[in-house]
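Enquirer: The structure that follows is given in the form of structure tokens.
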Amino acid sequence: MNIVLGVSGGIAAYKAPDLVRRLQDTGAAVRVILTPNAARFVSPLSLAAVSNHGVVVEQWGDPSSGGVDHIEIARWAQLLLVAPATANIIAKLATGIADDALTTYALAHRGPIAIAPAMNTFMLGHPTVQQNLATLRARGVHVIEPDAGLLACGDEGAGRMPDPEALAARAAAILGPRDLDGVAVLVTAGPTREAIDPVRYISNRSSGKMGYAIAEAARRRGARVVLVSGPTALQPPAGVELVSVTTAEEMHREVMARAAASAIVVKAAAVADFTPVEKAEQKIKKKDGVEALQISLRKTPDILAALGALPVRPFLVAFAAETNDVESHARKKLEKKGADLIVANDVSDASIGFDSPQNEVVVIGRDGWIERLPKAGKAVIAERILDIVVAKRARGSK
Ligand code: PMT
């Protein structure tokens, strides 16, 4: 894979050397073009060192060499990734302005283009920026949604450039396989909430990141994706049908209603195993002299086991969230629930699993087959899990 990384002048430009490395990790060769403003945030010399190529900053190239840089690079490149993409460069790309090396190159580039907008959240929400993004999307440019969080300017909201690892996974996927073309994939994600009274509930720490990453990766690989999600703070990936649920029972109903139409089901949701027997109609009040409160719980439907017991069932990928003896517990769940694969993560490690942007998993098959996926961003883990699913289905292994 030959990738041109275009860097424009935002604070996230400092991540460019790491992004070059992460792109190289996916097997890509990378050449870098900087806008003059980007060169104020990140040194062309560092980028030349990590990319093993000269870095283009000047529009008019090197007078001592015969070729026109941007045309030569365009012959070589398969993908242009602009990260970070400022409001300024987004506007220029949308309107065809070519007043520096990067924007000139963009007009000469022949393959797919991906951009990672990164800016202040109010700038991102400005109608002009949104209109320019819509123009680029309509032209087939892959717009990689920014992350939300605390921004360099101190504001909070959407506008952060995603991790270099996640961007690299997106770039690889754009150039990568469409090996799930037209395949119906159902993914569950996030926690469920089991109400105690109108203001309290039992739940868990699932953020939905793992399941959403799988839904997004499956969509990119061409699948028709239904995402059955418990309550999360995440934006559903573009092109995915979102079915929002709150309780385990609702998730059970929505998943079972779609099971027959699904070729693959990935159960990344952290479903509550128990729910209160009774939900109080009114907020439960403290009473003088009463020091303890007992809440009776009953089991929720086991959605995975119900899917595994279907006479004709989809290819079933379970997850196992374990705090000890991860592999042996996961193997038992795989057997008991009749899944084809189980993806086990150690949720006692705070750097992976629940709510972390990263995960580290062991994927186990029914025949004892096992593969360990080292710690990586959830976008990367999602791609690797789908690689395994595609390979196992192709071999007809159940
Ligand atoms: O959402 P994130 O913050 O990104 O975190 C990701 C994750 C840790 C939630 C995810 O990687 C994960 O491990 N998901 C499964 C969590 C879980 O509920 O594991 P479990 O071992 O309790 O359940 C085993 C399997 O049975 C899971 O596929 C679960 O979806 C399913 N299950 C469980 C209970 C139930 N009533 N019905 C089910 O289908």
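In the structure tokens, chains take the letters A, B, ... in the order shown, each chain's residues start at 1, and ligands count up from 1 in the order shown.
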How would you report the residues lying within 7 Å of ligand 1, as number ranges by chain, if you count only C-alpha atoms and all ligand atoms?
Expert: A: 189-190, 205-211, 248, 267-273, 300-305, 318-322, 333, 344-345, 347, 353-356
Enquirer: Near range 226-243 of chain A, within 8 Å and counting only C-alpha atoms, which residues show up once chain neighbours fewer than 6 positions away are dropped, as a PDB file with all heavy atoms, in the first residue's frame?
Expert:
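Okay, this is what ended up in selection-v1.pdb:
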```pdb
ATOM      1  N   ALA A 184     -25.129  -9.996   5.880  1.00  0.00           N
ATOM      2  CA  ALA A 184     -25.905  -9.378   6.965  1.00  0.00           C
ATOM      3  C   ALA A 184     -25.223  -9.671   8.308  1.00  0.00           C
ATOM      4  O   ALA A 184     -25.107 -10.828   8.715  1.00  0.00           O
ATOM      5  CB  ALA A 184     -27.322  -9.926   6.969  1.00  0.00           C
ATOM      6  N   VAL A 185     -24.745  -8.623   8.953  1.00  0.00           N
ATOM      7  CA  VAL A 185     -24.022  -8.776  10.221  1.00  0.00           C
ATOM      8  C   VAL A 185     -24.782  -8.028  11.316  1.00  0.00           C
ATOM      9  O   VAL A 185     -25.139  -6.860  11.142  1.00  0.00           O
ATOM     10  CB  VAL A 185     -22.587  -8.209  10.115  1.00  0.00           C
ATOM     11  CG1 VAL A 185     -21.867  -8.275  11.458  1.00  0.00           C
ATOM     12  CG2 VAL A 185     -21.789  -8.972   9.056  1.00  0.00           C
ATOM     13  N   LEU A 186     -25.054  -8.708  12.409  1.00  0.00           N
ATOM     14  CA  LEU A 186     -25.683  -8.050  13.555  1.00  0.00           C
ATOM     15  C   LEU A 186     -24.651  -7.966  14.680  1.00  0.00           C
ATOM     16  O   LEU A 186     -24.010  -8.965  15.007  1.00  0.00           O
ATOM     17  CB  LEU A 186     -26.908  -8.844  14.012  1.00  0.00           C
ATOM     18  CG  LEU A 186     -27.775  -8.197  15.102  1.00  0.00           C
ATOM     19  CD1 LEU A 186     -29.232  -8.616  14.941  1.00  0.00           C
ATOM     20  CD2 LEU A 186     -27.301  -8.539  16.506  1.00  0.00           C
ATOM     21  N   VAL A 187     -24.481  -6.776  15.225  1.00  0.00           N
ATOM     22  CA  VAL A 187     -23.514  -6.575  16.315  1.00  0.00           C
ATOM     23  C   VAL A 187     -24.266  -6.030  17.523  1.00  0.00           C
ATOM     24  O   VAL A 187     -25.111  -5.139  17.368  1.00  0.00           O
ATOM     25  CB  VAL A 187     -22.423  -5.548  15.899  1.00  0.00           C
ATOM     26  CG1 VAL A 187     -21.409  -5.351  17.021  1.00  0.00           C
ATOM     27  CG2 VAL A 187     -21.725  -5.989  14.621  1.00  0.00           C
ATOM     28  N   THR A 188     -23.982  -6.574  18.702  1.00  0.00           N
ATOM     29  CA  THR A 188     -24.537  -5.952  19.913  1.00  0.00           C
ATOM     30  C   THR A 188     -23.399  -5.225  20.621  1.00  0.00           C
ATOM     31  O   THR A 188     -22.243  -5.648  20.570  1.00  0.00           O
ATOM     32  CB  THR A 188     -25.179  -6.972  20.872  1.00  0.00           C
ATOM     33  OG1 THR A 188     -24.157  -7.776  21.464  1.00  0.00           O
ATOM     34  CG2 THR A 188     -26.201  -7.846  20.160  1.00  0.00           C
ATOM     35  N   ALA A 189     -23.755  -4.115  21.266  1.00  0.00           N
ATOM     36  CA  ALA A 189     -22.717  -3.291  21.899  1.00  0.00           C
ATOM     37  C   ALA A 189     -23.284  -2.574  23.118  1.00  0.00           C
ATOM     38  O   ALA A 189     -24.492  -2.403  23.241  1.00  0.00           O
ATOM     39  CB  ALA A 189     -22.212  -2.252  20.894  1.00  0.00           C
ATOM     40  N   GLY A 190     -22.358  -2.177  23.973  1.00  0.00           N
ATOM     41  CA  GLY A 190     -22.741  -1.346  25.119  1.00  0.00           C
ATOM     42  C   GLY A 190     -23.324  -2.149  26.271  1.00  0.00           C
ATOM     43  O   GLY A 190     -23.414  -3.379  26.214  1.00  0.00           O
ATOM     44  N   PRO A 191     -23.720  -1.451  27.320  1.00  0.00           N
ATOM     45  CA  PRO A 191     -24.289  -2.123  28.486  1.00  0.00           C
ATOM     46  C   PRO A 191     -25.811  -2.252  28.354  1.00  0.00           C
ATOM     47  O   PRO A 191     -26.388  -1.710  27.414  1.00  0.00           O
ATOM     48  CB  PRO A 191     -23.977  -1.123  29.605  1.00  0.00           C
ATOM     49  CG  PRO A 191     -24.108   0.215  28.918  1.00  0.00           C
ATOM     50  CD  PRO A 191     -23.658   0.013  27.480  1.00  0.00           C
ATOM     51  N   THR A 192     -26.439  -2.978  29.247  1.00  0.00           N
ATOM     52  CA  THR A 192     -27.889  -2.818  29.405  1.00  0.00           C
ATOM     53  C   THR A 192     -28.110  -2.164  30.757  1.00  0.00           C
ATOM     54  O   THR A 192     -27.214  -2.171  31.615  1.00  0.00           O
ATOM     55  CB  THR A 192     -28.657  -4.157  29.333  1.00  0.00           C
ATOM     56  OG1 THR A 192     -28.266  -4.967  30.438  1.00  0.00           O
ATOM     57  CG2 THR A 192     -28.390  -4.868  28.028  1.00  0.00           C
ATOM     58  N   ARG A 193     -29.281  -1.580  30.935  1.00  0.00           N
ATOM     59  CA  ARG A 193     -29.650  -0.963  32.215  1.00  0.00           C
ATOM     60  C   ARG A 193     -30.913  -1.624  32.731  1.00  0.00           C
ATOM     61  O   ARG A 193     -31.897  -1.722  31.998  1.00  0.00           O
ATOM     62  CB  ARG A 193     -29.937   0.527  32.025  1.00  0.00           C
ATOM     63  CG  ARG A 193     -28.716   1.359  31.857  1.00  0.00           C
ATOM     64  CD  ARG A 193     -29.130   2.813  31.743  1.00  0.00           C
ATOM     65  NE  ARG A 193     -27.967   3.623  31.417  1.00  0.00           N
ATOM     66  CZ  ARG A 193     -28.031   4.882  31.000  1.00  0.00           C
ATOM     67  NH1 ARG A 193     -29.212   5.466  30.853  1.00  0.00           N
ATOM     68  NH2 ARG A 193     -26.931   5.552  30.730  1.00  0.00           N
ATOM     69  N   SER A 207     -18.670   0.873  27.455  1.00  0.00           N
ATOM     70  CA  SER A 207     -18.864   2.149  26.757  1.00  0.00           C
ATOM     71  C   SER A 207     -19.449   1.939  25.366  1.00  0.00           C
ATOM     72  O   SER A 207     -19.879   2.889  24.727  1.00  0.00           O
ATOM     73  CB  SER A 207     -17.503   2.822  26.585  1.00  0.00           C
ATOM     74  OG  SER A 207     -16.672   2.004  25.758  1.00  0.00           O
ATOM     75  N   GLY A 208     -19.396   0.699  24.890  1.00  0.00           N
ATOM     76  CA  GLY A 208     -19.855   0.407  23.527  1.00  0.00           C
ATOM     77  C   GLY A 208     -18.743   0.482  22.488  1.00  0.00           C
ATOM     78  O   GLY A 208     -18.943   0.123  21.326  1.00  0.00           O
ATOM     79  N   LYS A 209     -17.523   0.944  22.893  1.00  0.00           N
ATOM     80  CA  LYS A 209     -16.465   1.197  21.898  1.00  0.00           C
ATOM     81  C   LYS A 209     -16.115  -0.062  21.092  1.00  0.00           C
ATOM     82  O   LYS A 209     -15.925   0.002  19.879  1.00  0.00           O
ATOM     83  CB  LYS A 209     -15.198   1.721  22.591  1.00  0.00           C
ATOM     84  CG  LYS A 209     -15.323   3.161  23.046  1.00  0.00           C
ATOM     85  CD  LYS A 209     -14.096   3.606  23.816  1.00  0.00           C
ATOM     86  CE  LYS A 209     -14.364   4.947  24.481  1.00  0.00           C
ATOM     87  NZ  LYS A 209     -13.494   5.195  25.631  1.00  0.00           N
ATOM     88  N   TYR A 212     -19.020  -0.957  18.668  1.00  0.00           N
ATOM     89  CA  TYR A 212     -19.154   0.045  17.602  1.00  0.00           C
ATOM     90  C   TYR A 212     -17.998  -0.094  16.607  1.00  0.00           C
ATOM     91  O   TYR A 212     -18.180   0.084  15.401  1.00  0.00           O
ATOM     92  CB  TYR A 212     -19.196   1.464  18.183  1.00  0.00           C
ATOM     93  CG  TYR A 212     -20.575   1.876  18.698  1.00  0.00           C
ATOM     94  CD1 TYR A 212     -21.255   1.100  19.627  1.00  0.00           C
ATOM     95  CD2 TYR A 212     -21.194   3.040  18.258  1.00  0.00           C
ATOM     96  CE1 TYR A 212     -22.506   1.464  20.101  1.00  0.00           C
ATOM     97  CE2 TYR A 212     -22.456   3.419  18.726  1.00  0.00           C
ATOM     98  CZ  TYR A 212     -23.097   2.629  19.649  1.00  0.00           C
ATOM     99  OH  TYR A 212     -24.336   2.990  20.122  1.00  0.00           O
ATOM    100  N   ALA A 215     -18.854  -2.951  14.379  1.00  0.00           N
ATOM    101  CA  ALA A 215     -19.914  -2.565  13.434  1.00  0.00           C
ATOM    102  C   ALA A 215     -19.324  -1.719  12.305  1.00  0.00           C
ATOM    103  O   ALA A 215     -19.623  -1.926  11.121  1.00  0.00           O
ATOM    104  CB  ALA A 215     -21.006  -1.796  14.172  1.00  0.00           C
ATOM    105  N   GLU A 216     -18.455  -0.781  12.679  1.00  0.00           N
ATOM    106  CA  GLU A 216     -17.864   0.121  11.686  1.00  0.00           C
ATOM    107  C   GLU A 216     -16.959  -0.654  10.719  1.00  0.00           C
ATOM    108  O   GLU A 216     -16.995  -0.445   9.505  1.00  0.00           O
ATOM    109  CB  GLU A 216     -17.075   1.216  12.410  1.00  0.00           C
ATOM    110  CG  GLU A 216     -16.598   2.283  11.467  1.00  0.00           C
ATOM    111  CD  GLU A 216     -16.052   3.513  12.173  1.00  0.00           C
ATOM    112  OE1 GLU A 216     -15.943   3.490  13.418  1.00  0.00           O
ATOM    113  OE2 GLU A 216     -15.745   4.482  11.485  1.00  0.00           O
ATOM    114  N   ARG A 219     -19.045  -2.744   8.340  1.00  0.00           N
ATOM    115  CA  ARG A 219     -19.668  -1.868   7.328  1.00  0.00           C
ATOM    116  C   ARG A 219     -18.659  -1.526   6.233  1.00  0.00           C
ATOM    117  O   ARG A 219     -18.969  -1.585   5.043  1.00  0.00           O
ATOM    118  CB  ARG A 219     -20.188  -0.597   8.016  1.00  0.00           C
ATOM    119  CG  ARG A 219     -20.753   0.429   7.114  1.00  0.00           C
ATOM    120  CD  ARG A 219     -22.131   0.009   6.573  1.00  0.00           C
ATOM    121  NE  ARG A 219     -22.477   0.726   5.356  1.00  0.00           N
ATOM    122  CZ  ARG A 219     -22.474   0.189   4.141  1.00  0.00           C
ATOM    123  NH1 ARG A 219     -22.171  -1.075   3.960  1.00  0.00           N
ATOM    124  NH2 ARG A 219     -22.789   0.901   3.095  1.00  0.00           N
ATOM    125  N   MET A 251     -32.998  -6.110  24.474  1.00  0.00           N
ATOM    126  CA  MET A 251     -31.927  -6.560  23.575  1.00  0.00           C
ATOM    127  C   MET A 251     -32.242  -7.972  23.068  1.00  0.00           C
ATOM    128  O   MET A 251     -32.094  -8.261  21.874  1.00  0.00           O
ATOM    129  CB  MET A 251     -30.566  -6.513  24.273  1.00  0.00           C
ATOM    130  CG  MET A 251     -29.419  -6.800  23.330  1.00  0.00           C
ATOM    131  SD  MET A 251     -27.792  -6.587  24.056  1.00  0.00           S
ATOM    132  CE  MET A 251     -27.507  -4.846  23.854  1.00  0.00           C
ATOM    133  N   GLU A 254     -34.976  -7.753  20.346  1.00  0.00           N
ATOM    134  CA  GLU A 254     -34.532  -7.174  19.068  1.00  0.00           C
ATOM    135  C   GLU A 254     -33.551  -8.096  18.345  1.00  0.00           C
ATOM    136  O   GLU A 254     -33.573  -8.195  17.119  1.00  0.00           O
ATOM    137  CB  GLU A 254     -33.886  -5.793  19.293  1.00  0.00           C
ATOM    138  CG  GLU A 254     -34.807  -4.748  19.897  1.00  0.00           C
ATOM    139  CD  GLU A 254     -36.010  -4.412  19.010  1.00  0.00           C
ATOM    140  OE1 GLU A 254     -35.986  -4.734  17.807  1.00  0.00           O
ATOM    141  OE2 GLU A 254     -36.977  -3.841  19.534  1.00  0.00           O
ATOM    142  N   VAL A 255     -32.678  -8.757  19.118  1.00  0.00           N
ATOM    143  CA  VAL A 255     -31.700  -9.658  18.478  1.00  0.00           C
ATOM    144  C   VAL A 255     -32.410 -10.887  17.918  1.00  0.00           C
ATOM    145  O   VAL A 255     -32.185 -11.271  16.753  1.00  0.00           O
ATOM    146  CB  VAL A 255     -30.591 -10.069  19.484  1.00  0.00           C
ATOM    147  CG1 VAL A 255     -29.728 -11.188  18.915  1.00  0.00           C
ATOM    148  CG2 VAL A 255     -29.730  -8.865  19.845  1.00  0.00           C
ATOM    149  N   ALA A 269     -21.833  -6.868  23.409  1.00  0.00           N
ATOM    150  CA  ALA A 269     -22.537  -6.150  24.497  1.00  0.00           C
ATOM    151  C   ALA A 269     -22.254  -6.808  25.846  1.00  0.00           C
ATOM    152  O   ALA A 269     -22.032  -8.014  25.937  1.00  0.00           O
ATOM    153  CB  ALA A 269     -24.037  -6.162  24.238  1.00  0.00           C
TER     154      ALA A 269
END
```
Enquirer: Please provide as a PyMOL selection string all residues within 6 Å of range 381-397 of chain A, with the sequence filter that same-chain residues fewer than 3 positions apart are discarded (counting only C-alpha atoms).
Expert: chain A and resi 213-214+378
Enquirer: Could you pull out the helix (DSSP H, G or I) residues of range 81-292 of chain A from DSSP and send them as number ranges by chain?
Expert: A: 87-95, 101-108, 121-125, 127-138, 164-175, 209-220, 248-259
Enquirer: What does the file look like for those residues with C-alpha atoms, as a tab-separated table (two decimals), in the first residue's frame?
Expert:
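The resulting file, out.tsv, is shown below:
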```tsv
chain	number	residue	atom	x	y	z
A	87	ALA	CA	-11.30	23.90	8.42
A	88	ASN	CA	-9.09	25.76	5.95
A	89	ILE	CA	-7.89	22.70	4.03
A	90	ILE	CA	-11.39	21.19	4.07
A	91	ALA	CA	-12.68	24.37	2.40
A	92	LYS	CA	-9.88	24.28	-0.18
A	93	LEU	CA	-10.44	20.59	-0.96
A	94	ALA	CA	-14.18	21.22	-1.34
A	95	THR	CA	-13.70	24.11	-3.76
A	101	ALA	CA	1.89	21.69	-2.28
A	102	LEU	CA	-0.81	19.64	-0.51
A	103	THR	CA	-3.86	21.18	-2.15
A	104	THR	CA	-2.14	21.06	-5.54
A	105	TYR	CA	-1.31	17.41	-4.96
A	106	ALA	CA	-4.92	16.66	-3.94
A	107	LEU	CA	-6.09	17.70	-7.42
A	108	ALA	CA	-3.50	15.46	-9.08
A	121	THR	CA	-15.76	21.90	18.31
A	122	PHE	CA	-17.59	25.15	17.43
A	123	MET	CA	-15.58	25.49	14.22
A	124	LEU	CA	-16.46	21.89	13.38
A	125	GLY	CA	-20.15	22.60	13.92
A	127	PRO	CA	-22.48	25.46	8.85
A	128	THR	CA	-19.72	26.34	6.34
A	129	VAL	CA	-17.46	23.54	7.58
A	130	GLN	CA	-20.38	21.09	7.68
A	131	GLN	CA	-21.39	22.08	4.16
A	132	ASN	CA	-17.83	21.59	2.89
A	133	LEU	CA	-17.70	18.18	4.58
A	134	ALA	CA	-21.03	17.26	2.96
A	135	THR	CA	-19.61	18.29	-0.45
A	136	LEU	CA	-16.56	16.11	0.09
A	137	ARG	CA	-18.64	13.16	1.31
A	138	ALA	CA	-20.90	13.45	-1.73
A	164	PRO	CA	-2.94	7.37	14.91
A	165	GLU	CA	-3.63	3.65	15.30
A	166	ALA	CA	-7.33	4.08	14.58
A	167	LEU	CA	-6.52	6.27	11.55
A	168	ALA	CA	-4.09	3.66	10.26
A	169	ALA	CA	-6.76	0.98	10.61
A	170	ARG	CA	-9.18	3.16	8.65
A	171	ALA	CA	-6.62	3.75	5.93
A	172	ALA	CA	-5.88	0.03	5.70
A	173	ALA	CA	-9.58	-0.73	5.55
A	174	ILE	CA	-10.19	1.77	2.75
A	175	LEU	CA	-7.53	0.02	0.71
A	209	LYS	CA	-16.47	1.20	21.90
A	210	MET	CA	-15.61	-2.43	21.10
A	211	GLY	CA	-18.98	-3.24	19.52
A	212	TYR	CA	-19.15	0.04	17.60
A	213	ALA	CA	-15.64	-0.58	16.22
A	214	ILE	CA	-16.75	-4.01	14.98
A	215	ALA	CA	-19.91	-2.56	13.43
A	216	GLU	CA	-17.86	0.12	11.69
A	217	ALA	CA	-15.25	-2.33	10.42
A	218	ALA	CA	-17.92	-4.73	9.13
A	219	ARG	CA	-19.67	-1.87	7.33
A	220	ARG	CA	-16.41	-0.79	5.68
A	248	ALA	CA	-31.47	-7.12	28.53
A	249	GLU	CA	-35.03	-8.15	27.70
A	250	GLU	CA	-35.30	-5.50	24.98
A	251	MET	CA	-31.93	-6.56	23.57
A	252	HIS	CA	-33.08	-10.20	23.60
A	253	ARG	CA	-36.28	-9.30	21.72
A	254	GLU	CA	-34.53	-7.17	19.07
A	255	VAL	CA	-31.70	-9.66	18.48
A	256	MET	CA	-33.95	-12.72	18.26
A	257	ALA	CA	-36.30	-10.92	15.85
A	258	ARG	CA	-33.33	-10.39	13.49
A	259	ALA	CA	-31.41	-13.65	14.03
```
Enquirer: For each of A:Ala379, A:Ala16, A:Gly6, A:Val42, take the minimum atom-to-atom distance to Asp100 in chain A, counting only C-alpha atoms, then give the residue where this is smallest.
Expert: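 Nearest to Asp100 in chain A: A:Gly6.
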Enquirer: DSSP on the backbone, strand (DSSP E or B) only: what residues of range 127-336 of chain A does that give? Format it as a ChimeraX atom specification.
Expert: /A:142-143,147-150,156-160,184-189,191,194-197,200-202,224-229,241-244,264-267,270,274-276,297-299,315-322
Enquirer: Save out the residues we just selected, C-alpha atoms, as a short mmCIF file (atom, residue, chain, number, x, y, z; two decimals), in the first residue's frame.
Expert:
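Ended up saving to selection_39.cif:
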```
data_model
loop_
_atom_site.label_atom_id
_atom_site.label_comp_id
_atom_site.auth_asym_id
_atom_site.auth_seq_id
_atom_site.Cartn_x
_atom_site.Cartn_y
_atom_site.Cartn_z
CA HIS A 142 -13.97 9.23 3.36
CA VAL A 143 -14.55 11.61 6.24
CA ASP A 147 -13.33 11.93 18.56
CA ALA A 148 -15.03 13.85 21.33
CA GLY A 149 -13.29 15.00 24.51
CA LEU A 150 -11.23 17.80 25.95
CA GLU A 156 -14.94 20.09 25.24
CA GLY A 157 -16.74 18.29 22.43
CA ALA A 158 -16.16 16.65 19.06
CA GLY A 159 -13.05 17.78 17.17
CA ARG A 160 -10.13 15.64 18.34
CA ALA A 184 -25.91 -9.38 6.96
CA VAL A 185 -24.02 -8.78 10.22
CA LEU A 186 -25.68 -8.05 13.56
CA VAL A 187 -23.51 -6.57 16.32
CA THR A 188 -24.54 -5.95 19.91
CA ALA A 189 -22.72 -3.29 21.90
CA PRO A 191 -24.29 -2.12 28.49
CA GLU A 194 -31.99 -2.74 34.59
CA ALA A 195 -34.24 -0.32 36.44
CA ILE A 196 -34.59 -0.44 40.23
CA ASP A 197 -36.89 2.58 40.36
CA ARG A 200 -31.76 4.12 39.60
CA TYR A 201 -30.56 1.14 37.66
CA ILE A 202 -28.08 -1.76 37.62
CA ARG A 224 -25.16 -4.72 5.86
CA VAL A 225 -24.84 -3.99 9.57
CA VAL A 226 -27.48 -3.81 12.29
CA LEU A 227 -26.11 -2.48 15.57
CA VAL A 228 -28.25 -3.35 18.58
CA SER A 229 -26.91 -1.04 21.23
CA GLU A 241 -28.77 0.57 11.13
CA LEU A 242 -28.95 1.44 14.83
CA VAL A 243 -31.47 -0.30 17.09
CA SER A 244 -31.35 1.35 20.52
CA ILE A 264 -23.07 -13.35 11.43
CA VAL A 265 -23.86 -12.19 14.98
CA VAL A 266 -21.13 -10.58 17.12
CA LYS A 267 -22.13 -10.25 20.76
CA ALA A 270 -22.15 -6.47 28.25
CA PHE A 274 -29.72 -10.15 36.56
CA THR A 275 -32.56 -7.65 36.75
CA PRO A 276 -34.66 -6.54 39.74
CA LEU A 297 -32.89 -10.12 41.34
CA ARG A 298 -33.89 -12.65 38.71
CA LYS A 299 -31.91 -13.91 35.74
CA PHE A 315 -22.12 -17.68 12.64
CA LEU A 316 -21.88 -16.74 16.28
CA VAL A 317 -19.08 -14.69 17.84
CA ALA A 318 -19.29 -14.40 21.62
CA PHE A 319 -17.26 -12.18 23.91
CA ALA A 320 -16.13 -13.11 27.40
CA ALA A 321 -15.31 -10.46 29.98
CA GLU A 322 -13.21 -12.21 32.63
#
```
Enquirer: Go ahead and compute the interatomic distance for CA of Val362 in chain A and CA of Pro162 in chain A, in Å to one decimal.
Expert: 25.0 Å
Enquirer: Expressed in Å to a single decimal, how great is the separation between CA of Leu79 in chain A and CA of Ala29 in chain A?
Expert: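 Distance reported for this atom pair: 10.7 Å.
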Enquirer: What's the 9 Å shell around Glu335 in chain A, counting only C-alpha atoms, without same-chain residues fewer than 5 positions away, as a list in words?
Expert: Ala330, Asp340 and Arg366 of chain A
Enquirer: Selection from above, N, CA, C and O atoms, as a JSON list (two decimals), in the first residue's frame, can you write it?
Expert:
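Here's the written file result.json:
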```json
[["chain", "number", "residue", "atom", "x", "y", "z"],
["A", 330, "ALA", "N", -13.41, -18.67, 29.33],
["A", 330, "ALA", "CA", -13.94, -18.37, 27.98],
["A", 330, "ALA", "C", -14.27, -19.67, 27.25],
["A", 330, "ALA", "O", -15.32, -19.78, 26.60],
["A", 340, "ASP", "N", -19.47, -20.06, 17.80],
["A", 340, "ASP", "CA", -18.41, -20.56, 16.91],
["A", 340, "ASP", "C", -17.04, -20.06, 17.35],
["A", 340, "ASP", "O", -16.05, -20.77, 17.25],
["A", 366, "ARG", "N", -14.07, -23.37, 18.34],
["A", 366, "ARG", "CA", -14.67, -24.58, 18.95],
["A", 366, "ARG", "C", -13.73, -25.76, 18.93],
["A", 366, "ARG", "O", -13.76, -26.62, 19.79]]
```
Enquirer: Here is a test: counting only C-alpha atoms, which residue of A:Ala223, A:Val57, A:Ala261, A:Ala376 is nearest to Asp179 in chain A?
Expert: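 For Asp179 in chain A, the nearest of the given residues is A:Ala223.
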Enquirer: With only C-alpha atoms as the counted atoms, please give the residues lying no more than 7 Å from range 73-77 of chain A, apart from itself and same-chain residues fewer than 5 positions off, as a ChimeraX atom specification.
Expert: /A:2-4,108-110
